[in-house]
Structures are given as structure tokens and as C-alpha cells.
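This report concerns only the one structure given below.
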Amino acid sequence: MTSRTRAVATAAALLVGAVTIAASPATATPSMAWPCGDGKFCIYHGANGTGAHYELEDGASDLSVLAGGLNDHVWSVRNNTRDDWCLFRDAGHRNKILNILDGQTINLQSPQRDQVSSTRRC
């Protein structure tokens, strides 16, 4: 094998290895799922109480103005309050789509999980 052939073979092997590594899914394990303080209503970007989240006491009238990318992307909720909370399709608490009962911890299902834009106590 000539040195040029060896160099091409080595480069090809490295490229295949790099593509294989890049295609491997990330398997990060959250340190704590469902973090939510006592007396708070929590909304999460990911399923099972993972990802960016907010702990709310008074609700949020427009999730699009808050950092974290939760507007139209609330995938799970936890209600640690003594009240029921409502999820709304639109900002300004318009077009209610779901009641979350006191003590409930749930993953939202499609289409609700991609529609929440505001929330408050019912």
C-alpha cells in the first residue's frame, strides 16, 4: 500500500468514525425530575418534569415574553398548590384548554402540549 493510499484510507476511516459519533443520541440524565417548590405551579419544557421550567405563584399571562422557550411548548406540569390551575391556548388567559387539579403531576399529550401560552389559578 502506498503512502497516498494509506493516507486516503486513514482519512476515510476517521470520517466514518466522526459521522458515527455525531449520529449517536445524547443520553443526559436529569439530576432531578419534577423540581417544584411547595405552593408552586410548575410548567416544564420537557416531558416528565425535565428541561427549562417555571415555578409560578400568580400565573403567567403571556409565556412568549419569558425566557426558556415555553410558549407553545409546555410538555409537563406539576400542581403543588391547593388550587386548580388552568392552561390557556392564547396569551391573556383566553381559550382554556385544560384544568390541572390540585396535586396533579402530568405529561401533556398532543395537541395540548404544543399550545399553552398562558396559565393561572382557575
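For the C-alpha cells, the naming scheme is as follows: chains receive sequential letters (A, B, ...) according to their order of presentation, residues are indexed from 1 within each chain, and ligands are indexed from 1 in presentation order.
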
As a compact mmCIF listing (two decimals) with N, CA and C atoms, in the first residue's frame, please: the residues near A:Phe88 (cut-off 9 Å, only C-alpha atoms, same-chain neighbours under 6 positions excluded).
```txt
# COMPACT_ATOMS: atom_id res chain seq x y z
N ARG A 94 -56.89 33.42 27.55
CA ARG A 94 -58.01 33.21 26.63
C ARG A 94 -57.94 31.79 26.05
N ASN A 95 -59.12 31.23 25.83
CA ASN A 95 -59.28 29.91 25.22
C ASN A 95 -58.69 28.79 26.07
N LYS A 96 -59.37 28.53 27.18
CA LYS A 96 -58.93 27.48 28.11
C LYS A 96 -58.90 26.12 27.41
N ILE A 97 -57.82 25.39 27.66
CA ILE A 97 -57.70 24.06 27.05
C ILE A 97 -57.65 22.93 28.07
N LEU A 98 -57.30 23.24 29.33
CA LEU A 98 -57.16 22.14 30.28
C LEU A 98 -57.14 22.65 31.72
N GLN A 115 -49.54 23.95 22.74
CA GLN A 115 -50.47 25.07 22.59
C GLN A 115 -50.50 26.04 23.76
N VAL A 116 -49.93 25.73 24.88
CA VAL A 116 -50.08 26.55 26.08
C VAL A 116 -49.32 27.88 25.93
N SER A 117 -50.07 28.99 26.09
CA SER A 117 -49.47 30.33 26.01
C SER A 117 -49.67 31.14 27.27
N SER A 118 -50.56 30.69 28.17
CA SER A 118 -50.76 31.38 29.45
C SER A 118 -51.37 30.41 30.46
N THR A 119 -51.24 30.76 31.74
CA THR A 119 -51.76 29.90 32.80
C THR A 119 -52.06 30.74 34.05
N ARG A 120 -53.02 30.26 34.85
CA ARG A 120 -53.36 30.92 36.12
C ARG A 120 -54.24 29.98 36.93
```

Determine the nearest neighbour of A:Ser61 from the options A:Gly92, A:Gly37, A:Gly49, A:Pro111, counting only C-alpha atoms.
A:Gly92

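Using only C-alpha atoms, the smallest distance between any of A:His93, A:Ile100, A:Thr81, A:Arg113 and A:Leu56 comes from A:Thr81.
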
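Summary of the local environment: counting only C-alpha atoms, residues at most 8 Å from A:Asn48, other than itself and those fewer than 6 positions away along its chain, are Ala33, Trp34, Ser76, Ile106 and Asn107 of chain A.
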
Restrict the selected residues to N, CA and C atoms and save them as a PDB file, in the first residue's frame.
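In the end it all went to selection28.pdb:
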```pdb
ATOM      1  N   ALA A  33     -35.950  15.082  38.409  1.00  0.00           N
ATOM      2  CA  ALA A  33     -37.141  15.350  37.618  1.00  0.00           C
ATOM      3  C   ALA A  33     -38.214  15.962  38.507  1.00  0.00           C
ATOM      4  N   TRP A  34     -39.066  16.744  37.912  1.00  0.00           N
ATOM      5  CA  TRP A  34     -40.196  17.390  38.573  1.00  0.00           C
ATOM      6  C   TRP A  34     -39.796  18.355  39.694  1.00  0.00           C
ATOM      7  N   SER A  76     -45.012  19.263  30.250  1.00  0.00           N
ATOM      8  CA  SER A  76     -45.440  18.638  31.502  1.00  0.00           C
ATOM      9  C   SER A  76     -45.706  19.719  32.543  1.00  0.00           C
ATOM     10  N   ILE A 106     -48.559  15.750  35.580  1.00  0.00           N
ATOM     11  CA  ILE A 106     -48.882  15.056  34.327  1.00  0.00           C
ATOM     12  C   ILE A 106     -47.981  15.494  33.176  1.00  0.00           C
ATOM     13  N   ASN A 107     -47.859  14.592  32.214  1.00  0.00           N
ATOM     14  CA  ASN A 107     -47.294  14.912  30.909  1.00  0.00           C
ATOM     15  C   ASN A 107     -48.463  15.282  30.012  1.00  0.00           C
TER      16      ASN A 107
END
```
